[in-house]
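Worksheet: the structure to be examined is printed underneath.
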Amino acid sequence: MSEKSVATLTEAEARKELARLAMDIGYHDARYYQDDAPEISDGDYDALRLRNAAIEERFPKLRRKDSPSLKVGAAPSGGFSKVKHARPMLSLGNAFNDDDVRDFVARARRFLGLEEAVDIALVAEPKIDGLSASLRYEDGRFIVGATRGDGSEGEDITRNLRTLNEIPAQIEGAPSVLEVRGEVYMSRDDFFALNVRQEEKDAKPFANPRNAAAGSLRQLDPSITAERPLKFFAYSWGEISAPFAETQFGALEAFERWGFSINPYSRVCRTVEEALAVHVDVLAQRAELPYDIDGIVYKINRLDWQERLGMVSRAPRWAIAHKFPAEQAVTILEDIVIQVGRTGALTPVAHLKPITVGGVVVSRATLHNEDEIARLGVRIGDHVVIQRAGDVIPQIVETLTDMRSAGAELRTFEVLDHCPVCGSRAVREEGEVVRRCTGGLICPAQAVERMKHFVGRNAFDIEGLGAKHIIAFIEDGLIKNPGDIFRLQERRGDLETREGWGPQSADNLLLAIEERRRISLDRFIYALGIRQIGQATARLLAKQYGSLAAWRAAMGKAAEERAENAGEMKKPELVGEIFAELCNIDQIGISVADDLVAFFAEAHNRDVLEDLANVLNVEDFVIGDTSESPVAGKTIVFTGTLETMTRSEAKARAEALGAKVAGSVSKKTDYVVAGPGAGSKAKKAEELEVPVLTEDEWNAFIGAA
DNA sequence: GAGCCTCGAGTTCC
DNA sequence: CTCGAGGCTC
């Protein structure tokens, strides 16, 4: 289709074309959003919208009432679809001073088993204050782009990302599958200019470049994003079909060859000290840089080392962010208010006279606990220095006692001995820092927090069911137990007639709930909010027991054992077989096992679980494909000093091959790998007739896989 | 038994 | 993001 350049269109032609575009775009919107079956590529679609916007810009008077550019909320319930990252997008550990960085390198050296004298080269690159994004290329074509989201699943912002000049639509010579990761950001100059335009349009200005970039990227209408001056630095990658570099810096160079921008301050440093010099250097130039940065990221340059180091929970062991000192400000502590958490923890929160720190207005900050208040010596009415830790969470750094006016009587914070919400006793256990409400099930504040946790992002992740609705639903008796959420459709009438609700909002919520009726076992366990059972431990349990039925059966039995042998906490075996089995899972000890079993000892909790099991579809835990692995499903115990690898490396490798790594030898142990100096464990293995391998034998054994 | 390391729980603002 | 506590290693 030959199109006339917008500049040469006559008014009549423009009017006709705008009408056609409105119709076409409306048609494709319906295919895309309603049928989920687009007929044209995103690129072609974007071209239509861009042309529409261009014509409207030249002939503002011709803008139609039904113009596509006015339909900001084209998406169904106003959102982006989700994209699962083929490889998770990690976050980074933080260093706040030079020693933290030296420690990081020392840890890596130890993990890799390297001599003190071996230098570990690092790539130092500025950490841009923007939003990370992942761009997937297949056969050189940009296919899909996503936000980081929770790290494993982000939002599909492909159409918005396509509007960025610095994101090539096509790249040459790259692996057939390549996920490029980097930071979308806005330069300071562009941010100021945008704010001027925003004010001219009577739109709210953005607080800082980061928010401006975030707001621009989250536009439902890509033509708005297209008008925003967003930029992109590539710095990392996700899934790749073939290796394309041997070093971190080599990867950056490859990105540059493919047409991406990489940060010009990125450089290879042979030693930690050289890397630390980059930090000093860039910090000195911080104000002159065209964009905001919040620190320097160091990555171990050799990719084979990166691979061996792997990751810990959500962060790689081969990279760290060295933060710049946080911006500080002085304000007045107006009040201290107590919040009640899911576990009953009473947390004092400072209410502050609102003040801008690092481009955001801060009015509250956590005071953690009563010891922290005592340490700060703060009283209500005091001037306090606040900063945003890691440039995000506000914290009170110090109290400016000098600024107390003479004779002024400032109120001190008084420790509560009762829960401010339910009135139950609030006690602080011996040796613990937190004070807790003992109200448990009767405390409404705890009930709300437990429910919030249940529907939260890392648990059931029910969209549209936020704190406000939860509180209202609980108050109105719509939900009492978690299972009630999944019976809300029976009370559709009650939902629709709520103030501010209608058929559409009820539909949206019920749909979001239906989507989550199916859930993985580990998320399910995590959602229950059992004390000390977070994401990592929930996954361990899911892995150990495999199915909800198996887990419930085991835990129920453990609770019985515990009832019979209460008080025998010192030795797990004395409590019971299952209890001992729990404690034998690496990372789970007596304390964690006891909280877990205590949960099952409560009839109320068993009822909640039974109820949930009836309304949900909890998927069995599936481990990655380790069918080829000789050690899949086997339980391994490492003991003694390992020579060719460190303990954590050995553990990580074994787990990757589908094995369970346990801490002590039992009759369930399949193999014991003993290095020199192995003592009691190797002996116990002999007694139990568990095969004992040397390290070399073990390596040969798994090497076959 | 001390000293790491990892995990959980609590929190802010947009 | 931070802090405290639990678990593991030596």
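How things are named: the first chain in the structure tokens is A, the next is B, and so on; residues count from 1 in each chain; ligands count from 1 in the order shown.
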
10 Å contacts from chain A to chain B using only C-alpha atoms (C1' of nucleotides), as a PyMOL selection string: chain A and resi 207+211+214-215+312-313+339-343+345-347+349+360-368+388+392-395+531-537+587

All strand (DSSP E) positions in segment 373-417 of chain A, as a PyMOL selection string: chain A and resi 383-389+393-399

Residue nearest DC1 of chain C among A:Arg181, A:Glu327, A:Gly151, A:Gln387 (counting only C-alpha atoms (C1' of nucleotides)): A:Gln387

Contacts of segment 250-264 of chain A within 6 Å, only C-alpha atoms (C1' of nucleotides), excl. fewer than 6 positions in-chain, as a list in words: Ile171, Phe233 and Ala234 of chain A

Just write the chosen residues, N, CA and C atoms, as a PDB file, in the first residue's frame.
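See out.pdb below for the written result:
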ATOM      1  N   ILE A 171      18.450  -7.700  14.233  1.00  0.00           N
ATOM      2  CA  ILE A 171      19.891  -7.712  14.462  1.00  0.00           C
ATOM      3  C   ILE A 171      20.530  -8.822  13.643  1.00  0.00           C
ATOM      4  N   PHE A 233      20.182   1.005  27.502  1.00  0.00           N
ATOM      5  CA  PHE A 233      21.534   0.443  27.564  1.00  0.00           C
ATOM      6  C   PHE A 233      21.419  -1.066  27.745  1.00  0.00           C
ATOM      7  N   ALA A 234      22.124  -1.820  26.910  1.00  0.00           N
ATOM      8  CA  ALA A 234      22.134  -3.275  27.079  1.00  0.00           C
ATOM      9  C   ALA A 234      23.259  -3.635  28.040  1.00  0.00           C
TER      10      ALA A 234
END

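By only C-alpha atoms (C1' of nucleotides), and with residues fewer than 2 positions from Asp670 of chain A along its chain excluded, the set lying at most 9 Å from it is Lys634, Thr635, Ile636, Val637, Ser666, Lys667, Lys668, Val672, Val690 and Pro691 of chain A.
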
With N, CA, C and O atoms kept, could you save the residues just selected as a compact mmCIF listing (two decimals), in the first residue's frame?
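selection.txt, written as the output of this step:
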# COMPACT_ATOMS: atom_id res chain seq x y z
N LYS A 634 17.91 -38.91 44.08
CA LYS A 634 18.73 -39.54 45.13
C LYS A 634 19.07 -38.52 46.21
O LYS A 634 19.14 -37.32 45.95
N THR A 635 19.30 -39.02 47.39
CA THR A 635 19.70 -38.14 48.48
C THR A 635 21.19 -38.30 48.73
O THR A 635 21.68 -39.42 48.93
N ILE A 636 21.88 -37.18 48.68
CA ILE A 636 23.34 -37.21 48.79
C ILE A 636 23.76 -36.47 50.05
O ILE A 636 23.15 -35.46 50.42
N VAL A 637 24.79 -36.97 50.70
CA VAL A 637 25.38 -36.23 51.81
C VAL A 637 26.86 -36.02 51.52
O VAL A 637 27.56 -36.97 51.18
N SER A 666 21.27 -40.79 56.94
CA SER A 666 20.22 -41.61 57.53
C SER A 666 20.01 -42.79 56.60
O SER A 666 20.66 -42.91 55.58
N LYS A 667 19.02 -43.64 56.94
CA LYS A 667 18.82 -44.80 56.07
C LYS A 667 18.24 -44.38 54.72
O LYS A 667 18.22 -45.16 53.78
N LYS A 668 17.78 -43.11 54.64
CA LYS A 668 17.26 -42.64 53.37
C LYS A 668 18.35 -42.08 52.45
O LYS A 668 18.08 -41.73 51.31
N VAL A 672 26.97 -41.23 50.10
CA VAL A 672 27.75 -40.28 50.88
C VAL A 672 29.02 -40.00 50.10
O VAL A 672 29.68 -40.92 49.62
N VAL A 690 25.30 -47.52 53.53
CA VAL A 690 25.10 -46.55 52.46
C VAL A 690 26.42 -46.44 51.69
O VAL A 690 27.47 -46.36 52.30
N PRO A 691 26.36 -46.52 50.36
CA PRO A 691 27.61 -46.44 49.61
C PRO A 691 28.35 -45.11 49.84
O PRO A 691 27.73 -44.06 49.85

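Straight-line separation from atom CA of Leu352 of chain A to atom CA of Gly377 of chain A: 16.0 Å.
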
Two-atom distance - atom CA of Glu166 of chain A, atom CA of Val184 of chain A (Å):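 Interatomic distance here is 9.6 Å.
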
Spatial neighbours of DG4 of chain C, max dist 10 Å, only C-alpha atoms (C1' of nucleotides), sep filter under 2 positions, as a list of chain:residue names: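 So the residues in contact are A:Glu432, A:Val433, A:Val434, B:DG8, B:DA9, C:DT2, C:DG6.
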
Per-residue DSSP, segment 328-401 of chain A, filtered to alpha helix (DSSP H), as a list in words: Glu370, Asp371, Glu372, Ile373, Ala374, Arg375 and Leu376 of chain A

Shell of 10 Å around Ala580 of chain A, only C-alpha atoms (C1' of nucleotides), local chain residues under 4 positions omitted, as a list in words: Ala558, Lys571, Pro572, Glu573, Leu574, Val575, Gly576, Asn584, Ile585, Gly589, Ile590, Ala593 and Ser666 of chain A

All residues 9 Å or closer to Cys422 of chain A, only C-alpha atoms (C1' of nucleotides), same chain fewer than 2 positions away omitted, as number ranges by chain: A: 418-420, 424-425, 437, 439, 442-445

Save out the residues we just selected, C-alpha atoms, as a compact mmCIF listing (two decimals), in the first residue's frame.
# COMPACT_ATOMS: atom_id res chain seq x y z
CA HIS A 418 -1.32 -4.75 74.46
CA CYS A 419 -2.09 -5.03 70.77
CA PRO A 420 -3.51 -1.69 69.57
CA SER A 424 -4.51 -9.00 73.35
CA ARG A 425 -1.31 -9.03 75.34
CA CYS A 437 0.44 -9.50 69.55
CA GLY A 439 -4.15 -12.49 69.55
CA ILE A 442 -8.80 -13.41 66.97
CA CYS A 443 -6.74 -10.36 65.93
CA PRO A 444 -8.43 -8.71 62.93
CA ALA A 445 -5.23 -6.94 61.94
